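See structure below.
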Amino acid sequence: MTETGYFNAHERAMLFQSIRKLWNNLRDELTIDDVHYLQTVISGGVKTGVYRRDKYGINPVIRTLRTAELLHESIAPDRNMTIAILVYHLCRLGYATEKEIAGMFGEDVANLVHGLIKISKIYKKQAAVDDDNFRKLLVTLAQDIRVVIIMIVDRRGLMSYVNNHPDENFVRDISLESRYLYAPLAHKLGLYQIKTELEDLSLKYLQRDVYNKIAHRLNETKKERDKYIEQFTAPIKKVLEREHIKCYVKGRTKSINSIWNKMKTKKVDMNDMYDLFAIRIIIDTPREYEKRDCWYTYSLVGDIYQANPSRLRDWITMPKSNGYESLHGTFKGKDDKWVEVQIRSERMDEVAEMGLAAHWRYKGVKADGGGIDQWMQNVREVLEEGSKDRMDLIRDMHANLYDEEVFVFTPRGDVFQFPKGATVLDFAFRIHSRVGCQCIGAKVDGKNQKINYKLRSGDTVEIITSSTQVPRVDWLNIVKTSKARNKIKQALNEAQSKMADMGRELVQRRFKNRKIEIDEPTMSRFISKKGYKMTTDFYVAVDEGKIDIATLVEEYLDYQTKLQETGKPREAAENFVLQNKAEEEERGGDDILVVGNNVKGINYKLSRCCNPIYGDPIVGFIASDGAIKVHRRDCGNVKHLLAKYPYRIIRSQWSGKVGKQFAATLKVVGNDDIGIVSNITSLINKEGDTVLRSVSINSMGGIFEGYLVIGINSLDNLDLLIKKIKNLKGVKDVQRASH
């Protein structure tokens with residue numbers, strides 16, 4: 001077969017178009033050698049007839065080029081993934097070896113090709129729709145998640161390719177695979193746009209009549225929808241412009257597959273759907289102001305249109321498990337039509353629209369766990385660890401599900417899943433942290449085993465505990481799971497913290513008996529001079545008896561004398577700032593912590609347990625690390641601290657001017673009336689120096705209970721705000737919550 005005869009006219013046009021797009025996207029990624037090798041190996045494959053159409057008549061060159069093109073459009077340009085896509089078929093068909101590919105393009109490309117070849121072998125055995133194959137597929141792909149991404153993107157391209165394909169059974173099979181395997185997989189990885197496209201195309205091929213009917217109705221009503229959206233958004237745009245909120249407003253129609261699913265599940269007509277179309281308000285705002293600006297925008301829309309509180313969806317305060325963030329409200333427009341309004345920042349919109357590609361830019365949190373769903377959750381969270389070289393971040397990710405895991409039973413018959421190599425100690429911490437900390441062994445199938453016994457599939461495990469057992473450092477070498485490891489570290493840190501507190505109290509008591517006042521800066525330098533990097537390590541050594549306290553006092557006094565004799569300046573003196581002399585004498589010379597912006601060099605923190613704000617009666621508590629934690633006097637923890645550590649309590653007061661915002665939580669209870677939430681948020685945002693940070697609403701039996709976290713600068717302003725909210729119609733009670 002000649003190179004010319006391999007492509008028909010339509011394919012030749014597609015070929016040159018795809019090549020131009022690839023070159024434009026990758027010109028900064030590919031080297032001259034890359035281009036030369038690609039041209040050589042692909043042309044060679046075509047000329048020698050290795051590149052053949054498959055049994056369904058699909059041209060693999062066109063298919064791979066389209067997959068590479070879609071990768072760049074949907075995810076991101078990537079040199080290694082693109083090359084692997086383009087040369088994979090040549091290796092699978094025997095024209096080039098993985099070793100040769102590694103020599104031309106590097107080991108990473110060869111590894112990707114290897115993963116793609118493993119996938120092709122699965123497809124030779126059986127269809128990929130059933131659950132068993134779903135698991136096998138994940139096992140195969142677990143070595144490099146980029147192989148999963150290539151596979152999903154390739155399926156998206158194939159679904160476009162087979163429109164009107166003559167083999168109906170073939171189209172049906174790949175449509176079912178796309179709906180039940182690839183679309184959920186795309187969703188788990190945050191590839192939301194691809195997921196939607198796969199679902200719509202699957203519906204089109206599997207139920208073309210339904211698809212065409214919905215598409216036709218959408219086309220018929222497009223002008224009407226566009227006109228309504230324009231009328232609905234006009235006053236919103238005007239208000240947002242007046243309030244100097246940088247944003248743009250756009251409309252979106254629900255996907256055809258989503259419309260069909262809702263028609264079936266809710267048994268409603270298209271005309272009765274709340275969210276057949278939605279308005280999106282995309283705000284240009286820094287990340288630290290996203291929540292504030294979104295809620296303020298919500299309140300502005302609520303001033304124009306009547307809101308439906310029961311339809312409020314706050315995925316800003318609590319994002320969805322797939323990373324989706326947005327504030328959804330439903331408002332009544334002209335002709336009593338309900339319109340969904342989605343409010344989000346540009347960052348949130350990018351994540352919602354682009355999924356994985358956007359996640360790579362923003363940092364997330366790694367999770368721990370087992371099983372397919374948890375593994376996919378872990379994958380997505382790894383992908384959220386922002387990096388310029390985002391593909392490199394996931395290159396070496398391994399999970400090895402099933403062939404690297406064991407399944408273990410409790411005496412009651414519950415099944416727990418662990419990674420291969422997990423021990424009795426891992427099992428104990430999976431049951432409960434306290435059980436893990438007190439574990440001394442286990443009965444495995446009736447036989448006593450030590451804590452380092454490695455679990456095997458089918459084992460029945462009963463943990464044995466002792467109240468005298470405590471975690472040890474060497475346990476970290478025994479456990480396999482990150483959950484157990486984290487719990488052990490936490491327990492060790494807590495134990496060390498307690499020992500440090502006891503050691504500090506021993507030192508303070510000895511100095512007090514000698515009537516010697518400890519100068520904290522001098523003590524810190526003294527501890528450092530003795531070779532301790534952390535003060536906690538020093539006080540732990542005291543508690544363990546490694547440091548003689550009597551000798552310590554003399555050494556400290558000698559060190560202090562030398563500092564004074566050498567004339568070295570003493571650091572900011574006290575743990576806390578004194579008032580002026582007159583006030584000090586009036587209070588009998590006691591130390592008073594002064595809290596405020598004009599206080600320099602004082603290591604104090606506002607306690608989160610009670611969130612004191614300017615104006616609250618406060619006290620300070622000197623923690624073991626030397627920092628002062630400021631509490632409200634009525635805080636529940638203060639009573640405990642006074643009873644246990646009275647000598648570490650310091651009377652405190654605010655400085656004359658603070659000039660900052662403090663976090664305060666309000667609990668609001670009221671009637672679940674339309675517009676009440678909008679009225680509350682609008683009132684708060686109209687207060688000049690007050691910022692609404694988050695809202696959490698629960699509604700039941702006609703009553704709503706909400707928690708509002710606000711930023712406010714004084715107790716007086718907070719009391720005034722509470723009075724104003726209480727005066728709103730429908731509000732029954734407003735109280736300041738502890739946290």
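The way I read the labels, and the way they are meant: chains A, B, ... in the order of the structure tokens, residue 1 as the first residue of every chain, and ligand 1 as the first ligand shown, with later ones counted on from there.
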* Write down as an MDAnalysis selection string the residues of stretch 401-568 of chain A whose backbone DSSP state falls under helix (DSSP H, G or I). => chainID A and resid 424:431 433:437 473:477 482:513 520:529 535:543 549:566
* Write out as a PyMOL selection string each polymer residue whose atoms come within 12 Å of A:Asp733, counting only C-alpha atoms; drop sequence neighbours fewer than 5 positions from it. => chain A and resi 666-671+703-707+722-728
What does the file look like for those residues with N, CA and C atoms, as a compact mmCIF listing (two decimals), in the first residue's frame?
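What landed in result.txt:
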```
# COMPACT_ATOMS: atom_id res chain seq x y z
N LEU A 666 -21.97 33.61 63.89
CA LEU A 666 -23.32 33.89 64.37
C LEU A 666 -24.22 32.71 64.03
N LYS A 667 -25.02 32.31 64.99
CA LYS A 667 -26.05 31.28 64.76
C LYS A 667 -27.38 31.99 64.59
N VAL A 668 -28.01 31.79 63.43
CA VAL A 668 -29.27 32.46 63.12
C VAL A 668 -30.36 31.41 62.94
N VAL A 669 -31.50 31.61 63.61
CA VAL A 669 -32.65 30.73 63.49
C VAL A 669 -33.84 31.56 63.04
N GLY A 670 -34.60 31.03 62.07
CA GLY A 670 -35.74 31.79 61.59
C GLY A 670 -36.68 30.93 60.77
N ASN A 671 -37.73 31.57 60.28
CA ASN A 671 -38.68 30.90 59.40
C ASN A 671 -38.06 30.69 58.03
N ILE A 703 -38.35 25.63 59.35
CA ILE A 703 -37.41 26.42 60.14
C ILE A 703 -36.01 26.24 59.56
N PHE A 704 -35.28 27.35 59.43
CA PHE A 704 -33.90 27.21 58.98
C PHE A 704 -32.96 27.60 60.12
N GLU A 705 -31.81 26.94 60.14
CA GLU A 705 -30.75 27.24 61.10
C GLU A 705 -29.48 27.47 60.32
N GLY A 706 -28.89 28.64 60.48
CA GLY A 706 -27.70 28.96 59.70
C GLY A 706 -26.56 29.44 60.58
N TYR A 707 -25.34 29.16 60.13
CA TYR A 707 -24.14 29.65 60.79
C TYR A 707 -23.41 30.59 59.83
N ILE A 722 -25.95 42.19 65.31
CA ILE A 722 -26.89 41.19 65.82
C ILE A 722 -28.27 41.80 65.99
N LYS A 723 -28.33 43.03 66.50
CA LYS A 723 -29.62 43.70 66.68
C LYS A 723 -30.31 43.91 65.33
N LYS A 724 -29.54 44.30 64.32
CA LYS A 724 -30.12 44.55 63.00
C LYS A 724 -30.67 43.26 62.39
N ILE A 725 -29.92 42.17 62.53
CA ILE A 725 -30.39 40.89 61.97
C ILE A 725 -31.65 40.43 62.70
N LYS A 726 -31.69 40.63 64.04
CA LYS A 726 -32.88 40.23 64.81
C LYS A 726 -34.13 40.97 64.35
N ASN A 727 -33.94 42.20 63.82
CA ASN A 727 -35.08 43.01 63.39
C ASN A 727 -35.60 42.62 62.01
N LEU A 728 -34.88 41.75 61.29
CA LEU A 728 -35.34 41.32 59.97
C LEU A 728 -36.57 40.43 60.12
```
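Using only C-alpha atoms, the nearest neighbour of A:Asn679 within the list A:Ile304, A:Met523, A:Ala102, A:Ile463 is A:Ile304.
When atom CA of A:Glu73 is paired with atom CA of A:Asp28, their separation reads 16.1 Å.
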* To do: Excluding A:Ala186 and residues on its chain fewer than 4 positions from it, collect all residues at most 6 Å away from it, counting only C-alpha atoms, and give them as number ranges by chain.
  => A: 182, 191, 195
* To do: Within 12 Å of A:Val249, counting only C-alpha atoms, which residues show up once you throw out same-chain ones fewer than 4 positions away? Write them as number ranges by chain, please.
  => A: 229-230, 232-238, 240-241, 245, 278-284, 297, 341-346, 349
Keeping only C-alpha atoms, take the residues you just selected and write them out as a compact mmCIF listing (two decimals), in the first residue's frame.
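What follows is the written file selection.txt:
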```
# COMPACT_ATOMS: atom_id res chain seq x y z
CA ILE A 229 -31.48 35.24 29.24
CA GLU A 230 -30.62 38.67 27.85
CA PHE A 232 -32.88 38.43 32.84
CA THR A 233 -29.19 39.37 32.95
CA ALA A 234 -29.53 43.03 31.90
CA PRO A 235 -30.41 44.42 35.38
CA ILE A 236 -27.85 42.09 37.01
CA LYS A 237 -25.07 43.43 34.79
CA LYS A 238 -26.12 46.98 35.55
CA LEU A 240 -22.69 44.59 39.24
CA GLU A 241 -21.17 47.36 37.15
CA ILE A 245 -17.55 44.03 40.52
CA ALA A 278 -28.57 28.60 33.86
CA ILE A 279 -26.89 31.97 34.21
CA ARG A 280 -23.24 31.98 35.19
CA ILE A 281 -21.67 35.01 36.81
CA ILE A 282 -17.89 34.67 36.62
CA ILE A 283 -16.11 37.06 38.99
CA ASP A 284 -12.57 38.34 38.47
CA THR A 297 -23.00 39.00 44.31
CA VAL A 341 -27.81 31.45 38.79
CA GLN A 342 -24.34 30.01 39.29
CA ILE A 343 -21.84 32.38 40.90
CA ARG A 344 -18.15 31.51 40.93
CA SER A 345 -14.69 33.00 40.48
CA GLU A 346 -12.65 32.64 37.32
CA ASP A 349 -15.05 28.28 36.57
```
* **A:Gln17 environment, 12 Å, only C-alpha atoms, sequence neighbours closer than 6 positions dropped, as a list of chain:residue names** => A:His10, A:Glu11, A:Trp23, A:Asn24, A:Ile62, A:Leu65, A:Arg66, A:Glu69
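When only C-alpha atoms are used to compute distances to A:Val709, the closest of the residues A:Ile527, A:Leu721, A:Ile19, A:Val691 turns out to be A:Val691.
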